[in-house]
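Note: the block below is model10.cif and it holds mmCIF, C-alpha atoms (C1' of nucleotides).
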```cif
data_final
loop_
_atom_site.label_atom_id
_atom_site.label_comp_id
_atom_site.auth_asym_id
_atom_site.auth_seq_id
_atom_site.Cartn_x
_atom_site.Cartn_y
_atom_site.Cartn_z
CA MET A 1 -8.55 40.28 -4.87
CA ALA A 2 -8.42 36.69 -3.98
CA ARG A 3 -6.87 35.86 -0.69
CA TRP A 4 -4.79 32.99 -2.06
CA GLU A 5 -3.43 31.93 -5.39
CA PRO A 6 -6.03 29.75 -7.07
CA ASN A 7 -5.86 26.00 -7.67
CA ALA A 8 -3.83 25.00 -4.66
CA ARG A 9 -4.62 21.35 -5.28
CA GLY A 10 -3.39 21.48 -8.86
CA ARG A 11 -0.19 23.26 -7.87
CA LEU A 12 0.49 20.60 -5.26
CA ALA A 13 -0.10 17.80 -7.75
CA GLN A 14 2.18 19.42 -10.31
CA ALA A 15 4.92 20.07 -7.77
CA ALA A 16 4.70 16.47 -6.58
CA MET A 17 4.93 15.05 -10.10
CA ASP A 18 7.95 17.22 -10.87
CA LEU A 19 9.80 16.33 -7.70
CA TYR A 20 8.95 12.64 -7.82
CA SER A 21 10.29 12.59 -11.38
CA GLN A 22 13.48 14.44 -10.59
CA ARG A 23 14.53 12.99 -7.24
CA GLY A 24 12.33 9.97 -6.89
CA PHE A 25 9.38 9.43 -4.59
CA GLU A 26 11.25 8.49 -1.43
CA GLN A 27 13.79 11.27 -1.72
CA THR A 28 11.03 13.87 -1.89
CA THR A 29 9.55 15.20 1.35
CA VAL A 30 6.06 16.56 1.63
CA ALA A 31 7.54 19.77 2.98
CA GLU A 32 9.43 20.21 -0.29
CA ILE A 33 6.31 19.65 -2.36
CA ALA A 34 4.39 22.18 -0.31
CA GLN A 35 7.15 24.73 -0.51
CA ARG A 36 7.37 24.44 -4.29
CA ALA A 37 3.62 24.97 -4.47
CA GLY A 38 3.83 27.97 -2.16
CA LEU A 39 1.85 26.26 0.58
CA THR A 40 2.49 24.43 3.84
CA GLU A 41 2.82 20.74 4.58
CA ARG A 42 -0.45 20.81 6.51
CA THR A 43 -2.30 22.05 3.45
CA PHE A 44 -0.91 19.23 1.35
CA PHE A 45 -2.55 16.75 3.70
CA ARG A 46 -5.84 18.62 3.51
CA HIS A 47 -5.94 17.99 -0.25
CA PHE A 48 -4.41 14.50 -0.37
CA ALA A 49 -4.82 11.75 2.20
CA ASP A 50 -1.16 10.85 1.97
CA LYS A 51 2.01 11.32 -0.01
CA ARG A 52 1.07 8.65 -2.54
CA GLU A 53 -2.49 9.65 -3.15
CA VAL A 54 -1.46 12.73 -5.11
CA LEU A 55 -0.62 10.42 -8.02
CA PHE A 56 -3.94 8.60 -7.89
CA ALA A 57 -6.49 11.36 -7.44
CA GLY A 58 -7.89 10.74 -10.92
CA ALA A 59 -8.99 7.20 -10.11
CA ASP A 60 -12.47 8.28 -9.03
CA ALA A 61 -13.34 9.57 -12.47
CA LEU A 62 -12.18 6.32 -14.05
CA GLN A 63 -14.32 4.33 -11.67
CA GLN A 64 -17.38 6.41 -12.47
CA ALA A 65 -16.83 5.94 -16.19
CA LEU A 66 -16.46 2.22 -15.70
CA VAL A 67 -19.62 1.83 -13.65
CA GLY A 68 -21.63 4.17 -15.87
CA ALA A 69 -20.70 2.23 -18.99
CA LEU A 70 -21.63 -1.05 -17.34
CA GLU A 71 -25.02 0.36 -16.43
CA ASP A 72 -25.63 1.60 -19.95
CA ALA A 73 -24.39 -1.48 -21.79
CA PRO A 74 -27.04 -3.62 -23.50
CA ARG A 75 -28.34 -6.29 -21.16
CA SER A 76 -27.97 -8.83 -23.91
CA LEU A 77 -24.18 -8.71 -23.70
CA ALA A 78 -22.32 -11.50 -21.96
CA PRO A 79 -20.58 -10.26 -18.77
CA ILE A 80 -17.10 -10.37 -20.27
CA ASP A 81 -18.20 -8.31 -23.25
CA ALA A 82 -19.99 -5.76 -21.11
CA VAL A 83 -16.73 -5.41 -19.23
CA GLY A 84 -14.94 -4.91 -22.53
CA ILE A 85 -17.18 -1.97 -23.36
CA ALA A 86 -16.65 -0.53 -19.91
CA LEU A 87 -12.88 -0.71 -20.35
CA GLU A 88 -13.16 1.36 -23.49
CA ALA A 89 -15.15 3.93 -21.55
CA VAL A 90 -12.30 4.08 -19.06
CA ALA A 91 -9.84 4.50 -21.91
CA ALA A 92 -11.88 7.45 -23.17
CA GLN A 93 -11.14 9.25 -19.89
CA LEU A 94 -7.42 9.24 -20.57
CA PRO A 95 -5.71 11.76 -22.82
CA GLU A 96 -5.37 10.56 -26.38
CA ARG A 97 -1.59 10.80 -26.25
CA PRO A 98 0.13 8.58 -23.71
CA ASP A 99 2.77 11.16 -22.75
CA PHE A 100 1.35 12.03 -19.36
CA SER A 101 0.57 8.40 -18.54
CA ARG A 102 4.13 7.48 -19.40
CA ARG A 103 5.60 10.06 -17.06
CA ARG A 104 3.31 9.01 -14.26
CA GLN A 105 3.89 5.31 -14.79
CA ALA A 106 7.66 5.76 -14.75
CA ILE A 107 7.35 7.27 -11.28
CA ILE A 108 5.17 4.41 -10.07
CA ASP A 109 7.37 1.73 -11.61
CA ALA A 110 10.35 3.09 -9.69
CA ASN A 111 8.78 2.66 -6.25
CA PRO A 112 7.19 -0.34 -4.51
CA GLU A 113 4.97 1.74 -2.23
CA LEU A 114 3.43 3.38 -5.26
CA GLN A 115 2.94 0.02 -6.90
CA GLU A 116 1.00 -1.09 -3.85
CA ARG A 117 -1.28 1.88 -4.15
CA GLU A 118 -1.72 1.33 -7.86
CA ARG A 119 -2.71 -2.28 -7.32
CA ILE A 120 -5.25 -1.47 -4.66
CA LYS A 121 -6.77 1.19 -6.91
CA LEU A 122 -7.11 -1.38 -9.67
CA ALA A 123 -8.61 -3.80 -7.14
CA SER A 124 -11.10 -1.12 -6.24
CA LEU A 125 -11.99 -0.73 -9.91
CA ALA A 126 -12.51 -4.48 -10.13
CA ALA A 127 -14.74 -4.47 -7.07
CA ALA A 128 -16.84 -1.65 -8.52
CA ALA A 129 -17.15 -3.52 -11.80
CA ALA A 130 -18.22 -6.67 -9.98
CA ASP A 131 -20.90 -4.70 -8.13
CA ALA A 132 -22.17 -3.23 -11.39
CA LEU A 133 -22.29 -6.70 -12.93
CA ARG A 134 -24.31 -7.98 -9.99
CA ARG A 135 -26.78 -5.19 -10.55
CA ARG A 136 -27.07 -6.53 -14.09
CA GLY A 137 -28.11 -9.85 -12.62
CA VAL A 138 -24.77 -11.61 -12.95
CA ALA A 139 -24.24 -14.01 -10.05
CA ASP A 140 -21.06 -14.56 -8.07
CA PRO A 141 -18.44 -15.80 -8.66
CA THR A 142 -18.96 -14.99 -12.32
CA ALA A 143 -19.26 -11.29 -11.52
CA VAL A 144 -16.00 -11.21 -9.57
CA LEU A 145 -14.08 -13.25 -12.13
CA ALA A 146 -15.32 -11.26 -15.12
CA ALA A 147 -14.38 -8.04 -13.33
CA GLU A 148 -10.92 -9.27 -12.39
CA MET A 149 -10.29 -10.42 -15.91
CA GLY A 150 -11.32 -7.07 -17.23
CA ILE A 151 -8.80 -5.35 -15.00
CA ALA A 152 -6.10 -7.80 -16.06
CA VAL A 153 -6.86 -7.02 -19.68
CA PHE A 154 -6.71 -3.31 -18.94
CA ARG A 155 -3.33 -3.64 -17.27
CA VAL A 156 -1.88 -5.54 -20.19
CA ALA A 157 -3.38 -3.14 -22.71
CA PHE A 158 -2.26 -0.05 -20.82
CA GLU A 159 1.29 -1.30 -20.64
CA ARG A 160 1.30 -1.91 -24.36
CA TRP A 161 -0.23 1.48 -25.02
CA ILE A 162 2.46 3.42 -23.18
CA SER A 163 5.29 1.33 -24.58
CA ALA A 164 7.69 3.32 -26.70
CA THR A 165 6.94 1.44 -29.90
CA ASN A 166 3.14 1.47 -29.75
CA GLN A 167 1.26 3.43 -32.36
CA GLN A 168 -2.31 2.35 -31.68
CA ASP A 169 -5.22 3.79 -29.72
CA LEU A 170 -5.71 2.46 -26.21
CA SER A 171 -9.20 1.45 -27.28
CA ARG A 172 -7.80 -0.71 -30.04
CA VAL A 173 -5.19 -2.31 -27.82
CA ILE A 174 -7.90 -3.16 -25.30
CA ARG A 175 -9.95 -4.98 -27.92
CA ASP A 176 -6.93 -6.97 -29.04
CA SER A 177 -5.95 -7.89 -25.49
CA LEU A 178 -9.45 -9.01 -24.65
CA ASP A 179 -9.42 -11.33 -27.62
CA GLU A 180 -6.18 -12.83 -26.43
CA LEU A 181 -7.65 -13.39 -22.99
CA LYS A 182 -10.51 -15.35 -24.48
CA ALA A 183 -8.02 -17.54 -26.29
CA VAL A 184 -6.12 -18.19 -23.05
CA THR A 185 -9.06 -19.51 -21.09
CA ALA A 186 -10.29 -21.50 -24.06
CA GLY A 187 -7.25 -23.66 -23.25
CA LYS A 188 -5.43 -22.98 -26.51
CA MET B 1 22.86 -21.55 28.24
CA ALA B 2 21.63 -19.54 25.36
CA ARG B 3 22.13 -15.85 25.56
CA TRP B 4 18.57 -15.06 24.47
CA GLU B 5 15.25 -16.82 24.43
CA PRO B 6 15.00 -18.75 21.15
CA ASN B 7 12.73 -18.00 18.21
CA ALA B 8 12.58 -14.22 18.52
CA ARG B 9 11.00 -13.96 15.10
CA GLY B 10 8.23 -16.38 15.96
CA ARG B 11 7.50 -14.61 19.24
CA LEU B 12 7.25 -11.31 17.43
CA ALA B 13 4.88 -12.76 14.83
CA GLN B 14 2.68 -14.32 17.50
CA ALA B 15 2.58 -11.14 19.55
CA ALA B 16 1.68 -9.13 16.48
CA MET B 17 -1.15 -11.47 15.47
CA ASP B 18 -2.57 -11.37 18.99
CA LEU B 19 -2.46 -7.61 19.31
CA TYR B 20 -3.72 -6.94 15.78
CA SER B 21 -6.66 -9.23 16.55
CA GLN B 22 -7.46 -7.67 19.89
CA ARG B 23 -6.98 -3.96 19.26
CA GLY B 24 -6.75 -3.73 15.52
CA PHE B 25 -3.72 -3.06 13.36
CA GLU B 26 -3.63 0.72 13.62
CA GLN B 27 -4.17 0.79 17.36
CA THR B 28 -1.18 -1.47 17.90
CA THR B 29 2.28 0.07 18.09
CA VAL B 30 5.45 -1.76 17.22
CA ALA B 31 6.74 -0.95 20.68
CA GLU B 32 3.84 -2.89 22.17
CA ILE B 33 4.50 -5.90 19.96
CA ALA B 34 8.16 -5.91 20.88
CA GLN B 35 7.41 -5.57 24.57
CA ARG B 36 5.00 -8.50 24.50
CA ALA B 37 7.68 -10.57 22.78
CA GLY B 38 10.27 -9.51 25.34
CA LEU B 39 12.32 -7.62 22.75
CA THR B 40 12.85 -4.08 21.58
CA GLU B 41 11.29 -2.13 18.73
CA ARG B 42 14.61 -2.08 16.90
CA THR B 43 14.73 -5.86 16.91
CA PHE B 44 11.24 -6.07 15.42
CA PHE B 45 12.50 -4.12 12.41
CA ARG B 46 15.49 -6.39 12.08
CA HIS B 47 13.14 -9.34 11.55
CA PHE B 48 10.37 -7.65 9.57
CA ALA B 49 10.76 -4.86 7.05
CA ASP B 50 7.74 -3.03 8.38
CA LYS B 51 4.74 -3.34 10.64
CA ARG B 52 2.66 -5.02 7.94
CA GLU B 53 5.18 -7.54 6.73
CA VAL B 54 4.85 -9.64 9.86
CA LEU B 55 1.52 -10.90 8.50
CA PHE B 56 2.95 -11.79 5.09
CA ALA B 57 6.24 -13.48 5.89
CA GLY B 58 4.89 -16.82 4.62
CA ALA B 59 4.39 -15.57 1.09
CA ASP B 60 7.85 -16.66 -0.03
CA ALA B 61 7.08 -20.32 0.57
CA LEU B 62 3.85 -20.04 -1.40
CA GLN B 63 5.69 -18.46 -4.29
CA GLN B 64 8.27 -21.24 -4.33
CA ALA B 65 5.55 -23.89 -4.34
CA LEU B 66 3.80 -22.11 -7.19
CA VAL B 67 6.89 -21.81 -9.34
CA GLY B 68 8.07 -25.32 -8.57
CA ALA B 69 4.76 -26.83 -9.57
CA LEU B 70 4.75 -24.88 -12.82
CA GLU B 71 8.21 -26.18 -13.62
CA ASP B 72 7.19 -29.76 -12.91
CA ALA B 73 3.84 -29.69 -14.67
CA PRO B 74 3.60 -31.68 -17.93
CA ARG B 75 4.55 -29.53 -20.89
CA SER B 76 1.52 -30.81 -22.73
CA LEU B 77 -0.83 -28.88 -20.48
CA ALA B 78 -2.41 -25.66 -21.72
CA PRO B 79 -1.16 -22.60 -19.74
CA ILE B 80 -4.37 -22.14 -17.82
CA ASP B 81 -4.38 -25.78 -16.74
CA ALA B 82 -0.75 -25.69 -15.69
CA VAL B 83 -1.68 -22.71 -13.58
CA GLY B 84 -4.53 -24.72 -12.09
CA ILE B 85 -2.10 -27.39 -10.95
CA ALA B 86 0.21 -24.78 -9.51
CA LEU B 87 -2.65 -23.30 -7.50
CA GLU B 88 -3.26 -26.66 -5.91
CA ALA B 89 0.39 -26.85 -4.97
CA VAL B 90 -0.01 -23.49 -3.25
CA ALA B 91 -3.08 -24.79 -1.47
CA ALA B 92 -1.05 -27.74 -0.19
CA GLN B 93 1.19 -25.26 1.65
CA LEU B 94 -1.68 -24.06 3.79
CA PRO B 95 -2.91 -25.89 6.86
CA GLU B 96 -5.74 -28.28 6.11
CA ARG B 97 -8.06 -26.47 8.45
CA PRO B 98 -8.82 -22.86 7.59
CA ASP B 99 -8.80 -21.63 11.22
CA PHE B 100 -5.50 -19.81 11.07
CA SER B 101 -6.25 -18.37 7.65
CA ARG B 102 -9.56 -17.07 8.95
CA ARG B 103 -7.98 -15.27 11.87
CA ARG B 104 -5.35 -13.75 9.66
CA GLN B 105 -7.80 -12.72 6.96
CA ALA B 106 -10.09 -11.06 9.49
CA ILE B 107 -7.19 -8.83 10.51
CA ILE B 108 -6.41 -7.95 6.91
CA ASP B 109 -10.03 -7.32 5.97
CA ALA B 110 -10.28 -4.78 8.77
CA ASN B 111 -7.49 -2.55 7.48
CA PRO B 112 -6.86 -0.92 4.09
CA GLU B 113 -3.09 -0.76 4.50
CA LEU B 114 -2.99 -4.49 5.01
CA GLN B 115 -5.19 -5.02 1.99
CA GLU B 116 -2.68 -3.06 -0.07
CA ARG B 117 0.09 -5.33 1.07
CA GLU B 118 -2.00 -8.41 0.41
CA ARG B 119 -2.74 -7.29 -3.11
CA ILE B 120 0.86 -6.59 -3.96
CA LYS B 121 1.86 -9.99 -2.61
CA LEU B 122 -0.72 -11.59 -4.87
CA ALA B 123 0.56 -9.48 -7.74
CA SER B 124 4.04 -10.76 -7.00
CA LEU B 125 2.73 -14.32 -7.13
CA ALA B 126 1.15 -13.55 -10.50
CA ALA B 127 4.40 -12.10 -11.80
CA ALA B 128 6.32 -15.18 -10.69
CA ALA B 129 3.76 -17.43 -12.36
CA ALA B 130 4.01 -15.44 -15.56
CA ASP B 131 7.80 -15.81 -15.52
CA ALA B 132 7.48 -19.55 -15.00
CA LEU B 133 5.04 -19.78 -17.89
CA ARG B 134 7.45 -17.91 -20.13
CA ARG B 135 10.11 -20.44 -19.24
CA ARG B 136 7.63 -23.05 -20.45
CA GLY B 137 7.59 -21.27 -23.79
CA VAL B 138 4.34 -19.38 -23.33
CA ALA B 139 4.50 -16.02 -25.04
CA ASP B 140 3.26 -12.69 -23.72
CA PRO B 141 0.57 -11.54 -23.20
CA THR B 142 -0.78 -15.05 -22.77
CA ALA B 143 1.62 -15.72 -19.93
CA VAL B 144 0.59 -12.59 -18.04
CA LEU B 145 -3.11 -13.15 -18.58
CA ALA B 146 -3.05 -16.81 -17.62
CA ALA B 147 -1.12 -15.93 -14.47
CA GLU B 148 -3.51 -13.15 -13.51
CA MET B 149 -6.46 -15.43 -14.13
CA GLY B 150 -4.94 -18.00 -11.85
CA ILE B 151 -4.55 -15.50 -9.03
CA ALA B 152 -8.12 -14.31 -9.49
CA VAL B 153 -9.30 -17.89 -9.23
CA PHE B 154 -7.21 -18.40 -6.12
CA ARG B 155 -8.68 -15.31 -4.47
CA VAL B 156 -12.22 -16.42 -5.16
CA ALA B 157 -11.52 -19.96 -4.02
CA PHE B 158 -9.71 -18.87 -0.88
CA GLU B 159 -12.58 -16.63 0.12
CA ARG B 160 -15.01 -19.49 -0.31
CA TRP B 161 -12.74 -21.84 1.59
CA ILE B 162 -12.55 -19.68 4.71
CA SER B 163 -16.25 -18.83 4.64
CA ALA B 164 -18.11 -20.08 7.67
CA THR B 165 -20.31 -22.46 5.72
CA ASN B 166 -17.67 -24.13 3.58
CA GLN B 167 -16.97 -27.81 4.15
CA GLN B 168 -14.73 -28.58 1.20
CA ASP B 169 -10.99 -28.80 0.67
CA LEU B 170 -9.28 -25.75 -0.73
CA SER B 171 -8.05 -27.94 -3.55
CA ARG B 172 -11.59 -28.87 -4.48
CA VAL B 173 -12.83 -25.29 -4.33
CA ILE B 174 -9.98 -24.23 -6.60
CA ARG B 175 -10.96 -26.77 -9.24
CA ASP B 176 -14.58 -25.62 -9.13
CA SER B 177 -13.65 -21.95 -9.37
CA LEU B 178 -11.37 -22.57 -12.31
CA ASP B 179 -14.18 -24.25 -14.15
CA GLU B 180 -16.39 -21.24 -13.54
CA LEU B 181 -13.68 -18.98 -14.90
CA LYS B 182 -13.59 -20.92 -18.10
CA ALA B 183 -17.33 -20.55 -18.44
CA VAL B 184 -17.09 -16.76 -18.00
CA THR B 185 -14.66 -16.18 -20.82
CA ALA B 186 -16.52 -18.57 -23.04
CA GLY B 187 -19.11 -15.78 -23.08
CA LYS B 188 -21.84 -17.78 -21.37
"C1'" DC C 1 43.04 -18.61 23.99
"C1'" DA C 2 42.26 -14.79 21.08
"C1'" DA C 3 39.75 -13.02 17.39
"C1'" DA C 4 35.81 -12.75 14.67
"C1'" DC C 5 30.79 -13.24 14.62
"C1'" DG C 6 26.02 -12.31 15.22
"C1'" DA C 7 21.80 -11.19 17.64
"C1'" DT C 8 20.34 -7.83 20.47
"C1'" DG C 9 19.95 -3.21 23.11
"C1'" DA C 10 20.41 1.85 23.50
"C1'" DC C 11 19.68 6.04 21.58
"C1'" DA C 12 19.30 9.79 18.52
"C1'" DG C 13 17.32 11.40 14.26
"C1'" DT C 14 14.02 11.99 10.19
"C1'" DT C 15 9.56 12.31 8.35
"C1'" DA C 16 4.77 11.04 7.43
"C1'" DC C 17 0.67 12.19 9.29
"C1'" DT C 18 -2.89 14.17 12.90
"C1'" DG C 19 -5.23 17.38 16.10
"C1'" DT C 20 -6.21 21.92 17.30
"C1'" DC C 21 -6.54 26.66 17.33
"C1'" DA C 22 -5.81 31.16 15.01
"C1'" DT C 23 -6.32 34.12 10.88
"C1'" DC C 24 -8.79 36.66 7.65
"C1'" DA C 25 -10.94 37.67 2.83
"C1'" DG C 26 -15.26 36.88 1.07
"C1'" DT C 27 -20.27 36.04 1.72
"C1'" DA C 28 -24.61 35.76 3.76
"C1'" DT C 29 -27.69 37.85 7.02
"C1'" DA C 30 -30.05 40.96 10.13
"C1'" DT D 1 -24.06 49.02 6.93
"C1'" DA D 2 -22.70 46.26 10.67
"C1'" DT D 3 -22.25 41.66 12.17
"C1'" DA D 4 -21.92 36.94 12.01
"C1'" DC D 5 -20.47 33.08 9.42
"C1'" DT D 6 -17.68 30.25 6.28
"C1'" DG D 7 -13.85 28.03 4.36
"C1'" DA D 8 -9.15 27.69 2.99
"C1'" DT D 9 -4.97 28.32 4.94
"C1'" DG D 10 -1.04 28.80 8.53
"C1'" DA D 11 1.23 27.76 12.98
"C1'" DC D 12 2.61 24.55 16.06
"C1'" DA D 13 2.87 20.64 18.92
"C1'" DG D 14 2.58 15.72 19.12
"C1'" DT D 15 2.74 10.56 17.83
"C1'" DA D 16 4.76 6.67 15.79
"C1'" DA D 17 7.00 4.28 11.90
"C1'" DC D 18 11.32 3.51 10.44
"C1'" DT D 19 16.74 4.16 9.99
"C1'" DG D 20 21.64 4.65 11.27
"C1'" DT D 21 25.13 3.75 14.43
"C1'" DC D 22 27.65 2.12 18.13
"C1'" DA D 23 28.00 -0.83 22.26
"C1'" DT D 24 27.39 -5.36 24.45
"C1'" DC D 25 28.49 -10.03 25.17
"C1'" DG D 26 27.61 -15.10 24.56
"C1'" DT D 27 29.11 -18.22 20.89
"C1'" DT D 28 31.90 -19.99 17.33
"C1'" DT D 29 36.12 -20.47 14.88
"C1'" DG D 30 41.03 -20.67 13.84
#
```
What is this structure when it is put down as structure tokens?
Amino acid sequence: MARWEPNARGRLAQAAMDLYSQRGFEQTTVAEIAQRAGLTERTFFRHFADKREVLFAGADALQQALVGALEDAPRSLAPIDAVGIALEAVAAQLPERPDFSRRRQAIIDANPELQERERIKLASLAAAAADALRRRGVADPTAVLAAEMGIAVFRVAFERWISATNQQDLSRVIRDSLDELKAVTAGK
Amino acid sequence: MARWEPNARGRLAQAAMDLYSQRGFEQTTVAEIAQRAGLTERTFFRHFADKREVLFAGADALQQALVGALEDAPRSLAPIDAVGIALEAVAAQLPERPDFSRRRQAIIDANPELQERERIKLASLAAAAADALRRRGVADPTAVLAAEMGIAVFRVAFERWISATNQQDLSRVIRDSLDELKAVTAGK
DNA sequence: CAAACGATGACAGTTACTGTCATCAGTATA
DNA sequence: TATACTGATGACAGTAACTGTCATCGTTTG
């Protein structure tokens, strides 16, 4: 018989989501999360670097999808369009239904500390995209700007996607938002 | 005679900059900052919301300059060009010489927590710019995208400006960077 | 001149996070 | 089969960021 219940990390993440939803992020202590998961506070910090990180553990997979897609994209594509393809690869990593993303985003939107972490994760995505573009031969500052624009498009599209009224695929919303971006910088 | 030495806030900010530079942000305690300023830890937290905020207290003035310039800019300008003018107004708030900005940025670049705070401050600038654009009659998502583009341009330009080799005005670097942005989204 | 004010100090309390050592079921090794 | 090793967890003490609260006492105001 196993010495411990399996999937400690998953239980911690679930307990954290539940408590952050119910009481709010600040009003939840790590001790409470650990207790609900049947573990100790110390073990929480072995699985997650800090109290916020439990909501952002999935970011690594998104970053890998982004970079992989940029490496595979046809070299003939302009930087901004390669980024567009990469954004759709990121979208493919998310569940088809936005329910989970909505729950998670509501928690983040209710707390400034979590918004800080979200922004730095997005900045990290942008930096990884810029690196991948440079490996495609795109020079700075074009690489940085194309990457930042891609992330801006993703943010706008994601927000639309999880909005209550939206009916479309994230992939579709991304394409539309990218087109609007191109119109903006064309000075229209 | 005054009951206390004047400019407690300024002394705290100076002490913090000095110590963050010498020992690094993490290795500096708030108690040390307060002691160097001749005050107590409790007083530090009356002037600054947290240990990071002491490096970002100037952000309010930048935001006001940004919004003011957007309100004053000719309505005939395309959103992205109005944003360009607003960025130059922000630049005018900074000292002409990048020395101070370099010192400050070196501290931030050495610490992830400070980078989080920097990013959320920039995000706040972007949100304020988007609001100002909406008041100019620019619809979403154009307003959001133009604002985010502007902040991306500012980041790139600022980094160039404080680089050791740069000789140009921040204002000039901003104009150049904005032109490069336009080239990116034109699909070149 | 008395009362209200406002910046600061003193001090106790909470909690995020870290370092360190012990525990012990499972696994590899001699 | 006995022994050593491993790896996830617990136990526990410690640091430091931040908060709440009350006291202090020059300054300002009526």
**Between atom CA of Gly84 of chain B and atom CA of Ile162 of chain B, distance in Å (one decimal)** = 19.3 Å
**Message:** Can you spell out as a list in words the set of residues that the PyMOL selection byres ((chain D) within 12 of (chain B)) selects in the structure I just provided?
**Reply:**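 Evaluating the PyMOL selection byres ((chain D) within 12 of (chain B)) on these coordinates yields DT15, DA16, DA17, DC18, DT19, DG20, DT24, DC25, DG26 and DT27 of chain D.
The space separating atom CA of Gln93 of chain A from atom CA of Lys121 of chain B comes to 28.9 Å.
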**Output of the PyMOL selection byres ((chain B) within 7 of (chain A)), listed as a list in words** =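 Expected selection for the PyMOL selection byres ((chain B) within 7 of (chain A)) here is Ala78, Ile80, Glu116, Arg117, Arg119, Ile120, Thr142, Leu145, Ala146, Glu148, Met149, Ala152, Glu180, Leu181, Lys182, Val184, Thr185, Ala186, Gly187 and Lys188 of chain B.
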What would the selection look like, as a PDB file with C-alpha atoms (C1' of nucleotides), in the frame of the given file, if the PyMOL selection byres ((chain C and resi 4) around 12) were run on the coordinates I just shared?
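Generated file (part_13.pdb):
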```
ATOM      1  C1'  DA C   2      42.260 -14.790  21.080  1.00  0.00           C
ATOM      2  C1'  DA C   3      39.750 -13.020  17.390  1.00  0.00           C
ATOM      3  C1'  DC C   5      30.790 -13.240  14.620  1.00  0.00           C
ATOM      4  C1'  DG C   6      26.020 -12.310  15.220  1.00  0.00           C
TER       5       DG C   6
ATOM      6  C1'  DT D  27      29.110 -18.220  20.890  1.00  0.00           C
ATOM      7  C1'  DT D  28      31.900 -19.990  17.330  1.00  0.00           C
ATOM      8  C1'  DT D  29      36.120 -20.470  14.880  1.00  0.00           C
ATOM      9  C1'  DG D  30      41.030 -20.670  13.840  1.00  0.00           C
TER      10       DG D  30
END
```
**Prompt:** Could you pull the residues within 10 Å of Phe44 of chain B, counting all atoms listed in the file, minus those fewer than 2 positions along the same chain, as a list of chain:residue names?
**Reply:**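 Final neighbour list, sorted by chain and number: B:Ala8, B:Arg9, B:Leu12, B:Ala13, B:Val30, B:Ala31, B:Ile33, B:Ala34, B:Gln35, B:Ala37, B:Leu39, B:Thr40, B:Glu41, B:Arg42, B:Arg46, B:His47, B:Phe48, B:Ala49, B:Asp50, B:Lys51, B:Val54.
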List every residue of chain C that has an atom at most 10 Å from any atom of chain B, giving for each one its closest atom pair and the distance in Å to one decimal, counting all atoms listed in the file, sorted by chain and then by ascending residue number, as JSON lines.
```
{"residue": "C:DA7", "atom": "C1'", "partner": "B:Trp4", "partner_atom": "CA", "distance": 8.5}
{"residue": "C:DT8", "atom": "C1'", "partner": "B:Thr43", "partner_atom": "CA", "distance": 6.9}
{"residue": "C:DG9", "atom": "C1'", "partner": "B:Thr40", "partner_atom": "CA", "distance": 7.3}
{"residue": "C:DA10", "atom": "C1'", "partner": "B:Arg42", "partner_atom": "CA", "distance": 9.6}
```
**Fill in**
Among D:DT1, D:DG7, D:DC22, D:DC12, DT20 of chain C is approached most closely, using all atoms listed in the file, by D:DC12
**Request:** Write out as a PyMOL selection string each polymer residue whose atoms come within 8 Å of Phe158 of chain B, counting all atoms listed in the file; drop sequence neighbours fewer than 6 positions from it.
**Result:** chain B and resi 170+173-174
**Prompt:** Which residue gives the smallest distance to DG13 of chain C among D:DT3, D:DG14, D:DT9, D:DT21, with all atoms listed in the file counted?
**Reply:** D:DT21
**Message:** Rounded to one decimal, what separation in Å do you get between atom CA of Pro6 of chain B and atom C1' of DC11 of chain C?
**Reply:** 25.2 Å
Which centre and which edge lengths, in Å to one decimal, describe the axis-aligned box that holds all listed atoms of segment 9-13 of chain C after 5 Å is added on each side, as AutoDock Vina command-line options?
```
--center_x 18.9 --center_y 4.1 --center_z 18.9 --size_x 13.1 --size_y 24.6 --size_z 19.2
```
Only N, CA, C and O atoms (P, O5', C5', C4', C3', O3' and C1' of nucleotides) needed: put segment 22-26 of chain D from the block into a file as a compact mmCIF listing (two decimals), in the first residue's frame.
```
# COMPACT_ATOMS: atom_id res chain seq x y z
P DC D 22 -6.88 50.97 20.69
O5' DC D 22 -5.92 51.69 21.76
C5' DC D 22 -4.97 50.90 22.47
C4' DC D 22 -3.73 51.74 22.77
C3' DC D 22 -4.04 53.16 23.23
O3' DC D 22 -3.33 53.41 24.44
C1' DC D 22 -2.42 53.17 21.52
P DA D 23 -3.53 54.78 25.20
O5' DA D 23 -2.05 55.38 25.17
C5' DA D 23 -0.95 54.53 25.42
C4' DA D 23 0.34 55.28 25.16
C3' DA D 23 0.36 56.72 25.68
O3' DA D 23 1.63 56.99 26.26
C1' DA D 23 0.74 56.72 23.34
P DT D 24 1.89 58.38 26.99
O5' DT D 24 2.66 59.22 25.90
C5' DT D 24 3.81 58.66 25.28
C4' DT D 24 4.38 59.65 24.29
C3' DT D 24 4.38 61.12 24.76
O3' DT D 24 5.68 61.65 24.58
C1' DT D 24 3.47 60.93 22.59
P DC D 25 6.16 62.87 25.49
O5' DC D 25 6.08 64.09 24.48
C5' DC D 25 6.71 64.00 23.21
C4' DC D 25 6.16 65.09 22.32
C3' DC D 25 5.80 66.38 23.08
O3' DC D 25 6.16 67.48 22.28
C1' DC D 25 4.00 65.69 21.80
P DG D 26 7.53 68.32 22.66
O5' DG D 26 8.07 68.75 21.22
C5' DG D 26 7.80 70.01 20.77
C4' DG D 26 7.31 69.95 19.32
C3' DG D 26 6.82 71.31 18.85
O3' DG D 26 7.21 71.52 17.51
C1' DG D 26 5.04 69.74 18.75
```
